[in-house]
Each structure stands twice: as C-alpha cells, then as structure tokens.
>>> print(open('upload.csv').read())   # CSV, C-alpha atoms
chain,number,residue,atom,x,y,z
A,1,MET,CA,41.9,54.0,-43.1
A,2,SER,CA,41.7,50.3,-44.0
A,3,LEU,CA,43.0,49.4,-40.5
A,4,PHE,CA,40.3,51.5,-39.0
A,5,ALA,CA,37.7,49.8,-41.1
A,6,PHE,CA,39.1,46.4,-40.0
A,7,LEU,CA,38.9,47.3,-36.3
A,8,LYS,CA,35.5,48.7,-36.8
A,9,SER,CA,34.3,45.5,-38.5
A,10,ARG,CA,35.9,43.3,-35.9
A,11,THR,CA,34.1,45.2,-33.2
A,12,ALA,CA,30.9,44.9,-35.0
A,13,PHE,CA,31.5,41.2,-35.4
A,14,TRP,CA,32.2,40.5,-31.8
A,15,LEU,CA,29.2,42.6,-30.7
A,16,SER,CA,27.1,40.7,-33.1
A,17,PHE,CA,28.6,37.4,-32.0
A,18,THR,CA,28.0,38.2,-28.3
A,19,GLY,CA,24.4,39.3,-28.9
A,20,THR,CA,23.6,36.2,-31.0
A,21,THR,CA,25.2,33.9,-28.4
A,22,THR,CA,23.4,35.5,-25.5
A,23,GLY,CA,20.1,35.3,-27.4
A,24,LEU,CA,20.7,31.6,-28.2
A,25,ALA,CA,21.6,30.9,-24.6
A,26,PHE,CA,18.3,32.4,-23.4
A,27,PHE,CA,16.4,30.5,-26.2
A,28,VAL,CA,17.9,27.2,-25.0
A,29,LYS,CA,17.3,28.1,-21.4
A,30,ASP,CA,13.6,28.7,-22.2
A,31,LEU,CA,13.4,25.4,-24.1
A,32,MET,CA,15.0,23.5,-21.2
A,33,GLN,CA,12.5,24.6,-18.6
A,34,GLY,CA,10.2,21.7,-19.3
A,35,GLY,CA,6.5,21.3,-18.9
A,36,GLN,CA,4.3,23.7,-16.9
A,37,PHE,CA,1.4,22.8,-14.7
A,38,THR,CA,-1.1,25.5,-15.7
A,39,LYS,CA,-4.4,24.1,-14.5
A,40,GLU,CA,-6.3,26.2,-11.9
A,41,THR,CA,-7.2,24.2,-8.9
A,42,ASN,CA,-8.6,25.2,-5.5
A,43,GLU,CA,-6.8,23.4,-2.7
A,44,THR,CA,-8.7,25.1,0.1
A,45,GLY,CA,-9.4,22.7,2.9
A,46,LYS,CA,-6.7,20.2,1.8
A,47,VAL,CA,-3.7,19.5,4.0
A,48,PHE,CA,-0.2,19.0,2.5
A,49,ILE,CA,3.2,18.0,3.8
A,50,VAL,CA,6.3,19.0,1.8
A,51,THR,CA,9.7,17.8,3.0
A,52,GLY,CA,12.8,19.9,2.3
A,53,ALA,CA,10.6,22.9,1.8
A,54,ASN,CA,12.8,25.8,2.9
A,55,THR,CA,14.7,26.1,-0.4
A,56,GLY,CA,14.7,25.1,-4.1
A,57,ILE,CA,12.0,22.9,-5.5
A,58,GLY,CA,10.3,22.3,-2.2
A,59,LYS,CA,10.0,26.0,-1.5
A,60,GLU,CA,8.5,26.7,-4.9
A,61,THR,CA,6.1,23.8,-4.4
A,62,VAL,CA,4.8,25.2,-1.1
A,63,ARG,CA,4.5,28.7,-2.7
A,64,ASP,CA,2.3,27.4,-5.5
A,65,ILE,CA,0.1,25.3,-3.2
A,66,ALA,CA,-0.3,28.2,-0.8
A,67,LYS,CA,-1.5,30.4,-3.7
A,68,ARG,CA,-4.2,27.8,-4.4
A,69,GLY,CA,-5.4,28.0,-0.8
A,70,GLY,CA,-3.9,24.7,0.6
A,71,THR,CA,-2.8,24.2,4.2
A,72,VAL,CA,0.9,23.3,4.0
A,73,TYR,CA,3.3,21.9,6.5
A,74,MET,CA,6.9,22.7,5.7
A,75,ALA,CA,8.9,19.7,7.1
A,76,CYS,CA,12.5,20.9,7.4
A,77,ARG,CA,15.7,20.2,9.2
A,78,ASN,CA,16.7,23.9,9.6
A,79,LEU,CA,13.9,25.7,11.3
A,80,LYS,CA,15.5,29.2,10.9
A,81,LYS,CA,15.6,28.9,7.1
A,82,CYS,CA,12.2,27.4,7.2
A,83,GLU,CA,10.7,30.3,9.1
A,84,GLU,CA,12.4,32.8,6.7
A,85,ALA,CA,10.9,30.9,3.7
A,86,ARG,CA,7.5,30.7,5.3
A,87,GLU,CA,7.4,34.4,6.1
A,88,GLU,CA,8.2,35.2,2.4
A,89,ILE,CA,5.5,32.8,1.2
A,90,VAL,CA,2.8,34.0,3.6
A,91,LEU,CA,3.4,37.6,2.7
A,92,GLU,CA,3.3,36.9,-1.0
A,93,THR,CA,0.3,34.5,-1.0
A,94,LYS,CA,-1.7,36.0,1.9
A,95,ASN,CA,-2.2,32.4,3.0
A,96,LYS,CA,-1.6,32.2,6.8
A,97,TYR,CA,-2.1,28.4,6.8
A,98,VAL,CA,1.5,27.6,6.1
A,99,TYR,CA,3.4,26.1,9.0
A,100,CYS,CA,7.0,25.3,9.8
A,101,ARG,CA,7.8,22.1,11.6
A,102,GLN,CA,11.1,20.5,12.3
A,103,CYS,CA,11.7,17.1,10.6
A,104,ASP,CA,15.3,15.9,10.2
A,105,LEU,CA,15.1,12.9,7.8
A,106,ALA,CA,18.6,11.8,9.0
A,107,SER,CA,17.0,11.1,12.4
A,108,GLN,CA,14.2,8.6,12.9
A,109,GLU,CA,13.5,10.1,16.3
A,110,SER,CA,13.0,13.5,14.7
A,111,ILE,CA,10.6,11.9,12.1
A,112,ARG,CA,8.6,10.2,14.8
A,113,HIS,CA,8.4,13.4,16.8
A,114,PHE,CA,7.2,15.3,13.7
A,115,VAL,CA,4.5,12.8,12.9
A,116,ALA,CA,3.2,12.7,16.5
A,117,ALA,CA,3.0,16.5,16.6
A,118,PHE,CA,1.3,16.6,13.2
A,119,LYS,CA,-1.3,14.1,14.2
A,120,ARG,CA,-2.1,16.2,17.3
A,121,GLU,CA,-2.7,19.2,15.0
A,122,GLN,CA,-4.4,17.6,12.0
A,123,GLU,CA,-7.0,14.9,11.5
A,124,HIS,CA,-6.4,14.7,7.7
A,125,LEU,CA,-3.6,14.6,5.2
A,126,HIS,CA,-4.4,14.8,1.5
A,127,VAL,CA,-1.0,15.0,-0.1
A,128,LEU,CA,2.5,14.0,1.1
A,129,ILE,CA,5.3,15.3,-1.1
A,130,ASN,CA,8.6,13.6,-0.3
A,131,ASN,CA,10.9,16.2,-1.8
A,132,ALA,CA,13.9,16.5,0.5
A,133,GLY,CA,17.2,15.0,-0.6
A,134,VAL,CA,21.0,15.1,-0.4
A,135,MET,CA,23.3,14.4,-3.3
A,136,ARG,CA,26.9,13.1,-3.8
A,137,CYS,CA,28.0,14.0,-0.3
A,138,PRO,CA,31.1,12.6,1.4
A,139,ARG,CA,30.3,9.4,3.2
A,140,SER,CA,28.6,10.0,6.6
A,141,LEU,CA,25.9,8.3,8.6
A,142,THR,CA,22.5,9.3,9.9
A,143,SER,CA,22.0,9.3,13.6
A,144,ASP,CA,20.7,5.7,13.1
A,145,GLY,CA,23.8,4.5,11.4
A,146,ILE,CA,22.5,4.5,7.8
A,147,GLU,CA,24.6,5.9,4.9
A,148,LEU,CA,23.4,9.5,4.6
A,149,GLN,CA,22.1,9.5,1.0
A,150,LEU,CA,20.2,6.2,1.4
A,151,GLY,CA,19.1,7.3,4.9
A,152,VAL,CA,17.7,10.7,3.9
A,153,ASN,CA,16.6,10.1,0.3
A,154,HIS,CA,14.9,6.7,0.9
A,155,MET,CA,14.8,5.4,4.5
A,156,GLY,CA,13.7,8.7,6.1
A,157,HIS,CA,10.9,9.1,3.6
A,158,PHE,CA,10.0,5.4,3.9
A,159,LEU,CA,9.5,5.8,7.6
A,160,LEU,CA,7.6,9.1,7.3
A,161,THR,CA,5.3,7.8,4.7
A,162,ASN,CA,4.4,4.6,6.6
A,163,LEU,CA,3.8,6.5,9.8
A,164,LEU,CA,1.3,8.8,7.9
A,165,LEU,CA,-0.5,6.1,6.0
A,166,GLY,CA,-3.4,6.0,8.4
A,167,LEU,CA,-4.1,9.6,7.9
A,168,LEU,CA,-3.7,9.4,4.2
A,169,LYS,CA,-6.2,6.5,4.0
A,170,LYS,CA,-8.6,8.3,6.2
A,171,SER,CA,-8.4,11.4,4.0
A,172,SER,CA,-8.7,9.6,0.6
A,173,PRO,CA,-8.6,10.3,-2.2
A,174,SER,CA,-5.1,11.2,-1.3
A,175,ARG,CA,-1.6,11.1,-2.9
A,176,ILE,CA,2.0,10.4,-2.1
A,177,VAL,CA,4.5,12.0,-4.4
A,178,ASN,CA,8.2,10.8,-4.3
A,179,VAL,CA,10.7,13.1,-5.9
A,180,SER,CA,13.3,10.8,-7.5
A,181,SER,CA,15.7,11.5,-10.4
A,182,LEU,CA,16.8,10.5,-13.8
A,183,ALA,CA,19.8,9.2,-11.9
A,184,HIS,CA,17.7,6.1,-10.9
A,185,THR,CA,18.4,4.8,-14.4
A,186,ARG,CA,22.1,4.5,-13.4
A,187,GLY,CA,21.2,3.0,-10.0
A,188,GLU,CA,21.7,-0.5,-8.7
A,189,ILE,CA,20.5,-1.8,-5.4
A,190,ASN,CA,23.6,-3.4,-3.8
A,191,THR,CA,22.1,-6.2,-1.9
A,192,GLY,CA,25.5,-7.3,-0.7
A,193,ASP,CA,26.5,-3.8,0.7
A,194,LEU,CA,23.3,-1.7,0.8
A,195,ASN,CA,24.8,0.6,3.4
A,196,SER,CA,28.1,1.1,1.5
A,197,ASP,CA,30.1,-0.2,4.5
A,198,LYS,CA,32.6,-2.1,2.4
A,199,SER,CA,33.1,0.6,-0.3
A,200,TYR,CA,31.6,4.0,-1.0
A,201,ASP,CA,31.2,5.9,-4.3
A,202,GLU,CA,29.2,9.1,-3.8
A,203,GLY,CA,27.7,8.9,-7.3
A,204,LYS,CA,26.7,5.3,-7.0
A,205,ALA,CA,25.2,5.8,-3.6
A,206,TYR,CA,23.1,8.7,-4.9
A,207,SER,CA,21.8,6.7,-7.9
A,208,GLN,CA,21.0,3.8,-5.6
A,209,SER,CA,18.9,6.0,-3.3
A,210,LYS,CA,17.0,7.4,-6.3
A,211,LEU,CA,16.3,3.9,-7.6
A,212,ALA,CA,15.1,3.0,-4.2
A,213,ASN,CA,12.6,5.9,-4.4
A,214,VAL,CA,11.1,4.4,-7.5
A,215,LEU,CA,11.1,0.8,-6.2
A,216,PHE,CA,9.5,2.0,-3.0
A,217,THR,CA,6.8,3.9,-5.0
A,218,ARG,CA,5.9,0.9,-7.1
A,219,GLU,CA,5.7,-1.5,-4.1
A,220,LEU,CA,3.8,1.1,-2.1
A,221,ALA,CA,1.3,1.5,-4.9
A,222,LYS,CA,0.6,-2.2,-5.0
A,223,ARG,CA,0.1,-2.4,-1.2
A,224,LEU,CA,-2.3,0.6,-1.4
A,225,GLU,CA,-4.5,-0.9,-4.0
A,226,GLY,CA,-8.2,-0.4,-3.2
A,227,THR,CA,-7.5,2.4,-0.6
A,228,ASN,CA,-7.9,5.3,-3.0
A,229,VAL,CA,-4.4,6.5,-2.0
A,230,THR,CA,-2.0,6.8,-4.9
A,231,ALA,CA,1.8,6.8,-5.0
A,232,ASN,CA,3.9,8.1,-7.9
A,233,ALA,CA,7.5,9.1,-8.5
A,234,LEU,CA,9.0,11.8,-10.7
A,235,HIS,CA,12.2,13.4,-12.1
A,236,PRO,CA,12.1,17.2,-11.6
A,237,GLY,CA,14.8,17.9,-14.2
A,238,VAL,CA,18.3,19.3,-13.7
A,239,VAL,CA,17.5,22.2,-11.3
A,240,ASP,CA,19.7,25.0,-9.9
A,241,THR,CA,19.2,24.3,-6.1
A,242,GLU,CA,21.3,23.8,-3.0
A,243,ILE,CA,21.4,20.0,-3.5
A,244,ILE,CA,24.7,20.4,-5.5
A,245,ARG,CA,26.4,22.0,-2.4
A,246,HIS,CA,28.5,18.8,-1.8
A,247,MET,CA,29.7,18.8,-5.4
A,248,GLY,CA,33.0,20.7,-4.9
A,249,PHE,CA,33.8,21.0,-8.6
A,250,PHE,CA,30.7,23.1,-9.2
A,251,ASN,CA,31.4,25.3,-6.2
A,252,ASN,CA,35.0,26.3,-6.8
A,253,PHE,CA,36.2,29.6,-8.3
A,254,PHE,CA,37.0,28.1,-11.7
A,255,ALA,CA,33.5,26.6,-12.0
A,256,GLY,CA,32.0,29.9,-11.1
A,257,LEU,CA,33.8,31.7,-13.9
A,258,PHE,CA,33.7,29.1,-16.7
A,259,VAL,CA,31.7,25.9,-16.0
A,260,LYS,CA,28.5,27.3,-14.5
A,261,PRO,CA,27.9,29.8,-17.4
A,262,LEU,CA,28.2,26.9,-19.9
A,263,PHE,CA,25.7,24.8,-17.9
A,264,TRP,CA,23.3,27.7,-17.2
A,265,PRO,CA,21.2,27.4,-20.4
A,266,PHE,CA,20.5,23.7,-19.6
A,267,VAL,CA,19.4,24.1,-16.0
A,268,LYS,CA,15.9,24.7,-14.7
A,269,THR,CA,15.0,27.4,-12.2
A,270,PRO,CA,13.5,26.0,-8.9
A,271,ARG,CA,10.1,27.3,-10.0
A,272,ASN,CA,10.2,25.3,-13.2
A,273,GLY,CA,11.7,22.3,-11.3
A,274,ALA,CA,8.6,22.2,-9.1
A,275,GLN,CA,6.2,21.9,-12.0
A,276,THR,CA,6.1,18.1,-12.2
A,277,SER,CA,5.7,17.8,-8.5
A,278,LEU,CA,2.7,20.1,-8.7
A,279,TYR,CA,1.3,18.2,-11.7
A,280,VAL,CA,1.5,14.8,-10.0
A,281,ALA,CA,0.2,16.2,-6.7
A,282,LEU,CA,-2.7,18.4,-8.0
A,283,ASP,CA,-3.9,17.4,-11.5
A,284,PRO,CA,-7.4,16.0,-11.2
A,285,GLU,CA,-6.8,13.7,-14.1
A,286,LEU,CA,-4.2,11.8,-12.1
A,287,GLU,CA,-6.5,11.0,-9.1
A,288,LYS,CA,-6.5,7.3,-9.8
A,289,VAL,CA,-3.1,7.0,-11.5
A,290,THR,CA,-0.6,5.2,-9.3
A,291,GLY,CA,2.7,3.4,-9.4
A,292,GLN,CA,4.0,5.5,-12.3
A,293,TYR,CA,7.0,7.8,-13.1
A,294,PHE,CA,6.8,11.3,-14.5
A,295,SER,CA,9.0,14.0,-15.9
A,296,ASP,CA,8.3,17.3,-17.5
A,297,CYS,CA,4.6,16.9,-16.6
A,298,LYS,CA,4.4,13.8,-18.7
A,299,LEU,CA,4.3,10.0,-18.0
A,300,LYS,CA,7.7,8.6,-18.7
A,301,GLU,CA,9.2,5.1,-18.8
A,302,MET,CA,11.2,4.1,-15.8
A,303,ALA,CA,14.4,2.1,-15.8
A,304,PRO,CA,14.1,-1.7,-16.1
A,305,ALA,CA,15.7,-2.0,-12.7
A,306,ALA,CA,12.8,0.0,-11.2
A,307,THR,CA,10.4,-2.7,-12.3
A,308,ASP,CA,12.1,-5.6,-10.5
A,309,THR,CA,9.4,-6.9,-8.2
A,310,GLN,CA,11.7,-9.1,-6.2
A,311,THR,CA,14.2,-6.3,-5.5
A,312,ALA,CA,11.3,-4.1,-4.5
A,313,LYS,CA,10.1,-6.6,-2.0
A,314,TRP,CA,13.6,-7.2,-0.6
A,315,LEU,CA,14.2,-3.4,-0.2
A,316,TRP,CA,10.8,-3.0,1.5
A,317,ALA,CA,11.7,-5.8,4.0
A,318,VAL,CA,15.1,-4.3,4.7
A,319,SER,CA,13.6,-0.8,5.1
A,320,GLU,CA,11.1,-2.1,7.6
A,321,LYS,CA,13.8,-3.8,9.5
A,322,TRP,CA,16.0,-0.6,9.6
A,323,THR,CA,13.2,1.9,10.4
A,324,LYS,CA,10.6,-0.2,12.3
A,325,PRO,CA,7.6,1.9,11.1
A,326,THR,CA,5.1,-0.3,13.0
A,327,MET,CA,6.9,0.2,16.3
A,328,ILE,CA,4.5,1.7,18.8
A,329,THR,CA,6.0,5.0,19.8
A,330,ILE,CA,4.3,5.4,23.2
A,331,GLN,CA,6.9,8.0,24.3
A,332,TYR,CA,5.8,10.4,21.6
A,333,LEU,CA,2.1,9.7,22.1
A,334,GLN,CA,2.5,10.5,25.8
A,335,ILE,CA,4.4,13.7,25.1
A,336,PHE,CA,1.6,15.0,23.0
A,337,HIS,CA,-1.2,13.5,25.2
A,338,LEU,CA,-2.3,11.2,22.5
A,339,PHE,CA,-2.1,8.0,24.6
>>> encode(input="upload.csv", output="structure tokens")
Amino acid sequence: MSLFAFLKSRTAFWLSFTGTTTGLAFFVKDLMQGGQFTKETNETGKVFIVTGANTGIGKETVRDIAKRGGTVYMACRNLKKCEEAREEIVLETKNKYVYCRQCDLASQESIRHFVAAFKREQEHLHVLINNAGVMRCPRSLTSDGIELQLGVNHMGHFLLTNLLLGLLKKSSPSRIVNVSSLAHTRGEINTGDLNSDKSYDEGKAYSQSKLANVLFTRELAKRLEGTNVTANALHPGVVDTEIIRHMGFFNNFFAGLFVKPLFWPFVKTPRNGAQTSLYVALDPELEKVTGQYFSDCKLKEMAPAATDTQTAKWLWAVSEKWTKPTMITIQYLQIFHLF
C-alpha cells in the first residue's frame, strides 16, 4: 500500500511539475513578446514598399498595413512565395491594393528594374520599409561580387533607398525604416577588408551588416535634414522566422527535440516581431523623429560604434562607389517608356 501511495504521489508530482513548467513557459513567452503598436491609423491613400515581405516580419508588416487601408508593394526575390502571401493577405484584409513585385537585393540590376517599374506605376511613396535580410550564411557573393550579408542587408537597401529618394521627397512627410538588429552592438566596420575577401566569419559579417544599417540610417537622416523625410533604424527582437535557415545547429534533429523547446519561450512570433516596424512607420508622434534607433516600440540607445560620424561617411562613400545610385539607368527607363 505504501508503494502504491509513493507511485501515486510521484505521478501527481510530475503532473504538477509539468503543468507548472508549461504555465511558466507560456508566461515567459508572453513577457518576451515586447511592445505592441495599438494605435488606430488610417493609411488609405498612402503607398508603402516592404522588402522581404513574403514571410516572417515582412509579411506581418504588410498584413497590418493592408488592414489599415494602405497600398503596399511587396518587394521579394521569390515571386511564387510572394503571390501566395499576397493572396492570403488580400483575402483576410479585403484590401486589393497589395502588389507583388520582384526585387532581388542580391542583384543591383534587379533593384534598378524594380524601381523603374515602381515609378511607372506610382507617383508617390510615403513609407519605405527595408526589412529583408540574410543571416550567418556560408560565404557567397551577390551577382555584383559583394559578400552576401553585406550586399543584401546593407548595399542592396542603400541602392534601393537612394533610387527612391526623389519619390519620398515628393511625397513628404515620408519615412524610411531600416530593420537592423541588436547584433549591431557587436559589429565592427572592417575598413581593411569590408568585403571579407581575406577572411570570413559568418557571425562577424552579419554583425557588420547590421551596424552598417544603423550607420547608414544616421548619415541618411543628416543628409535629409529639411526635406521632411525621416530615417530610423530598429531591432525587431529575437523572432522565429526563416532568417535562421542558414544556422545549421538550429535546424538539425537534435535542436528540434531539445534546443528549440528551450528557446521557444524567449522568441517572438513574427506578428510581435513586426510591432516596432509598424510603430516606427506609422505612429503620428514620430513624424519628425529621425536618425534614431528603436526596440520594443521604444527609443533605445544605439552602440557607440553606430555614432561614429567618420566611419558613417566612409561607409557611405564606399557604398556609393559599389552601387552607383546616381548612375543614369537609361536602359530601364527606355524599357518602361519613361525616357
């Protein structure tokens, strides 16, 4: 009888332990979801571009803007996935003004093609959300010979933004939102080997690209003073998205069984990861705020390296040299009968 009582009490203990642990996990999960952008805004008549919009944070950003009546261009590399995401969003929001357009940030030709087509369709652009990114991938190059993380996360968005500045100025007040990361605090701009030609560390390359996002944001904000166009950067949080697809450790069988469940309470959902992007892009109180860094829908202090004016100017000069944003792309203008 005593043995039965022991087994019974042990069963009760483990059931209680499991229930408590599960409840605690959900409690922590809820705490880790960060700030929420809850203001009601009407974005009817405003035009948005969101890069990397077919999955994760980008997709949820588009979904929310579409619910608010905005006209949204989903700039994506994979058109098939983009169309699938668009169909889902349009059916849910009943907003037909959501469009898919191909824009591969690893190809400057694709970026120029996208901008030329967009200018043919729209005379205004009110918000550009540079959301797309790659993370900790094996070393590879863009079609223009730039290390992929630097090329997509920074150079591609640098070119896209500069090519669209005319429309943004014309449509002011307008905003540029650059999705960076807390990883920028670990970043260093390697002026001696920016393209990682001599050596490559996937983590350092990612952090460098995210620091480049913040440096670009600050320098851009200075150059746009007096135009009523703002530029801000943000950290979305640790979010469960496809960006970790290159991190083999998190995608193997062992991680699926043991590691991911341990990390699950501390990771945001894509919807919650999109909240700071929406806050920076839409909050009326931020209309004149520029050159800042946000996280969890709050103004946050950026890393000291991100405030280095000389490095920001150096990076801008190199970025201009590598992307040539002022180059007259007559071939694209002719294709779309704009020249």
>>> residues_around(input="upload.csv", residues="stretch 75-81 of chain A", least_positions_apart="5", cutoff="12 Å", atoms="only C-alpha atoms", output="ChimeraX atom specification")
/A:48-56,58-59,62,86-88,98-107,110-111,113-115,117-118,128-133,152,157,160
>>> atom_distance(input="upload.csv", atom1="atom CA of A:Asn228", atom2="atom CA of A:Leu282")
15.0 Å
>>> atom_distance(input="upload.csv", atom1="atom CA of A:Lys119", atom2="atom CA of A:Thr161")
13.2 Å
>>> atom_distance(input="upload.csv", atom1="atom CA of A:Asp193", atom2="atom CA of A:Lys313")
16.9 Å
>>> residues_near_point(input="upload.csv", point="(13.8, -2.5, 0.2)", cutoff="12 Å", atoms="only C-alpha atoms", output="ChimeraX atom specification")
/A:150,154-155,158-159,189-191,194-195,208-209,211-220,306,308-323
>>> write_last_selection(input="upload.csv", atoms="C-alpha atoms", output="PDB file, in the coordinates of the input")
ATOM      1  CA  LEU A 150      20.200   6.200   1.400  1.00  0.00           C
ATOM      2  CA  HIS A 154      14.900   6.700   0.900  1.00  0.00           C
ATOM      3  CA  MET A 155      14.800   5.400   4.500  1.00  0.00           C
ATOM      4  CA  PHE A 158      10.000   5.400   3.900  1.00  0.00           C
ATOM      5  CA  LEU A 159       9.500   5.800   7.600  1.00  0.00           C
ATOM      6  CA  ILE A 189      20.500  -1.800  -5.400  1.00  0.00           C
ATOM      7  CA  ASN A 190      23.600  -3.400  -3.800  1.00  0.00           C
ATOM      8  CA  THR A 191      22.100  -6.200  -1.900  1.00  0.00           C
ATOM      9  CA  LEU A 194      23.300  -1.700   0.800  1.00  0.00           C
ATOM     10  CA  ASN A 195      24.800   0.600   3.400  1.00  0.00           C
ATOM     11  CA  GLN A 208      21.000   3.800  -5.600  1.00  0.00           C
ATOM     12  CA  SER A 209      18.900   6.000  -3.300  1.00  0.00           C
ATOM     13  CA  LEU A 211      16.300   3.900  -7.600  1.00  0.00           C
ATOM     14  CA  ALA A 212      15.100   3.000  -4.200  1.00  0.00           C
ATOM     15  CA  ASN A 213      12.600   5.900  -4.400  1.00  0.00           C
ATOM     16  CA  VAL A 214      11.100   4.400  -7.500  1.00  0.00           C
ATOM     17  CA  LEU A 215      11.100   0.800  -6.200  1.00  0.00           C
ATOM     18  CA  PHE A 216       9.500   2.000  -3.000  1.00  0.00           C
ATOM     19  CA  THR A 217       6.800   3.900  -5.000  1.00  0.00           C
ATOM     20  CA  ARG A 218       5.900   0.900  -7.100  1.00  0.00           C
ATOM     21  CA  GLU A 219       5.700  -1.500  -4.100  1.00  0.00           C
ATOM     22  CA  LEU A 220       3.800   1.100  -2.100  1.00  0.00           C
ATOM     23  CA  ALA A 306      12.800   0.000 -11.200  1.00  0.00           C
ATOM     24  CA  ASP A 308      12.100  -5.600 -10.500  1.00  0.00           C
ATOM     25  CA  THR A 309       9.400  -6.900  -8.200  1.00  0.00           C
ATOM     26  CA  GLN A 310      11.700  -9.100  -6.200  1.00  0.00           C
ATOM     27  CA  THR A 311      14.200  -6.300  -5.500  1.00  0.00           C
ATOM     28  CA  ALA A 312      11.300  -4.100  -4.500  1.00  0.00           C
ATOM     29  CA  LYS A 313      10.100  -6.600  -2.000  1.00  0.00           C
ATOM     30  CA  TRP A 314      13.600  -7.200  -0.600  1.00  0.00           C
ATOM     31  CA  LEU A 315      14.200  -3.400  -0.200  1.00  0.00           C
ATOM     32  CA  TRP A 316      10.800  -3.000   1.500  1.00  0.00           C
ATOM     33  CA  ALA A 317      11.700  -5.800   4.000  1.00  0.00           C
ATOM     34  CA  VAL A 318      15.100  -4.300   4.700  1.00  0.00           C
ATOM     35  CA  SER A 319      13.600  -0.800   5.100  1.00  0.00           C
ATOM     36  CA  GLU A 320      11.100  -2.100   7.600  1.00  0.00           C
ATOM     37  CA  LYS A 321      13.800  -3.800   9.500  1.00  0.00           C
ATOM     38  CA  TRP A 322      16.000  -0.600   9.600  1.00  0.00           C
ATOM     39  CA  THR A 323      13.200   1.900  10.400  1.00  0.00           C
TER      40      THR A 323
END
>>> closest_residue(input="upload.csv", among="A:Ala281, A:Leu163, A:Ala274, A:Leu224", to="A:Lys46", atoms="all atoms listed in the file")
A:Ala281
>>> closest_residue(input="upload.csv", among="A:Asp296, A:Glu123, A:Glu202, A:Glu287", to="A:Gln149", atoms="all atoms listed in the file")
A:Glu202
>>> closest_residue(input="upload.csv", among="A:Met302, A:Leu234, A:Leu141, A:Val229", to="A:Gln275", atoms="all atoms listed in the file")
A:Leu234
>>> closest_residue(input="upload.csv", among="A:Gly156, A:Gly187, A:Pro138, A:Gly291", to="A:Asn232", atoms="only C-alpha atoms")
A:Gly291
>>> residues_near_point(input="upload.csv", point="(-5.5, 17.6, 7.1)", cutoff="8 Å", atoms="all atoms listed in the file", output="VMD selection string")
chain A and resid 45 to 48 71 122 to 126 171
